[in-house]
Amino acid sequence: MYHPTSRVLTVLELLQSKPFITGPELATRLEVDVRTVRRYITTLQDAGIPVEANIGRHGGYRLRPGFKLPPLIFTEEEATAIMLGLLGTSWLEIGQSSAAVEGALAKVSRVLPFRARDRLNAVASHLFFFSPQKDAQPDVSLLINISEAIAQQRRITLGYRSHRDQTTNRKVEPYGMIGWDGHWYLIGYCCLRQDIRTFRLDRIQQVAALEETFEREGDFDCRAYMAKKYTQGSARWRIEVEFQATLYAMQQKIPASYGTLTPTANGVLFQAEYDNIDSQARYLMSLNIPFVVHQPPELREALRKLGEQILQIASAPLATQVNG
């Protein structure tokens with residue numbers, strides 16, 4: 001049996017998790033009658049929690065939109081941080097239940113002020129996750145400002161520093177943002193270059209939204225664009241490596257964007273295309289999982305050179321300590 005106070009708190013939790021719930025639904029969940037449910041609702045209202053009631057055949061209850069999260073009180077910045085963290089859980093691949101994440105997102109979003117809710121919806125709609133990354137994390141305000149411009153289809157101006165450390169001012173029609181191979185990118189039409197371009201977010205010096213609007217190509221796919229741009233054309237080597245491990249173990253080690261993983265009789269076959277065979281040899285060794293190289297022969301040679309370098313370092317004599 002529920003204690004009456006526990007039942008009142010359960011009503012509050014159900015109101016936070018659903019946009020609308022009827023009296024009979026609450027009564028069934030709490031194992032009480034509808035009249036008792038009305039008493040619990042009155043208790044919450046007396047405590048200052050704005051529960052709105054619709055009377056009639058299809059009546060029910062909901063929390064008033066814009067109300068700060070009960071019983072904890074979050075500022076808009078704190079709620080934004082929670083939302084961004086929840087949005088990124090799938091990208092981090094930490095095994096969190098999708099139902100739990102979606103439920104938490106719904107609760108926090110429902111009680112945010114309208115302005116904050118719209119901003120976070122913009123982030124959720126225009127931010128794509130492709131592979132885990134640890135470095136080059138962008139400023140949250142940059143993500144939010146660009147996401148708002150994407151949602152409103154407004155042009156932006158930005159100061160952009162190239163890989164040669166040259167800074168140019170760009171006017172861009174932003175299409176979307178994506179995490180790829182350790183970096184965040186903005187994808188959009190560059191008015192200066194008159195073509196679709198990618199901009200690393202950690203190289204954007206400043207950004208400002210303009211009043212000018214634009215029409216985005218309806219069938220443009222940010223993820224497909226990045227996959228085509230960075231996995232085709234530049235690769236020199238087709239790599240096939242068979243790991244002696246389970247598929248699940250390799251999925252935890254190698255992001256999906258790095259290549260394909262296929263179960264075999266002896267383990268898992270990893271297939272990918274890369275333009276730097278030496279860096280790939282170092283990456284494969286860093287996984288610390290036994291593997292067999294099927295192709296190319298150049299990868300075997302790169303691994304031999306890497307082994308020789310390791311042996312040379314390990315065999316080097318200790319430096320003589322000089323006492324002054």
# chains A, B, ... in the order shown; residues from 1 in each chain; ligands from 1
call {"tool": "residues_around", "arguments": {"residues": "Arg170 (chain A)", "least_positions_apart": "6", "cutoff": "10 Å", "atoms": "only C-alpha atoms", "output": "list of chain:residue names"}}
result
A:Ile156, A:Thr157, A:Leu158, A:Gly159, A:Tyr160, A:Cys190, A:Cys191, A:Leu192, A:Arg193, A:Val207
call {"tool": "write_last_selection", "arguments": {"atoms": "C-alpha atoms", "output": "tab-separated table (two decimals), in the first residue's frame"}}
result
chain	number	residue	atom	x	y	z
A	156	ILE	CA	24.86	33.94	-40.14
A	157	THR	CA	28.18	35.73	-40.32
A	158	LEU	CA	31.25	34.19	-38.80
A	159	GLY	CA	34.95	34.79	-38.51
A	160	TYR	CA	36.65	31.57	-39.55
A	190	CYS	CA	29.09	29.57	-48.04
A	191	CYS	CA	28.14	32.77	-49.87
A	192	LEU	CA	31.83	33.64	-50.30
A	193	ARG	CA	32.79	30.34	-51.99
A	207	VAL	CA	29.14	34.18	-34.99
call {"tool": "residues_around", "arguments": {"residues": "region 300-310 of chain A", "least_positions_apart": "3", "cutoff": "7 Å", "atoms": "only C-alpha atoms", "output": "JSON, numbers by chain"}}
result
{"A": [277, 278, 281, 293, 297, 313, 314]}
call {"tool": "closest_residue", "arguments": {"among": "A:Tyr283, A:Lys253, A:Arg64, A:Leu142", "to": "Phe114 (chain A)", "atoms": "only C-alpha atoms"}}
result
A:Arg64
call {"tool": "closest_residue", "arguments": {"among": "A:Gly176, A:Pro255, A:Gly218, A:Pro65", "to": "Phe270 (chain A)", "atoms": "only C-alpha atoms"}}
result
A:Pro255
call {"tool": "atom_distance", "arguments": {"atom1": "CA of Lys18 (chain A)", "atom2": "CA of Tyr61 (chain A)"}}
result
9.6 Å
call {"tool": "atom_distance", "arguments": {"atom1": "CA of Gln295 (chain A)", "atom2": "CA of Leu311 (chain A)"}}
result
24.3 Å
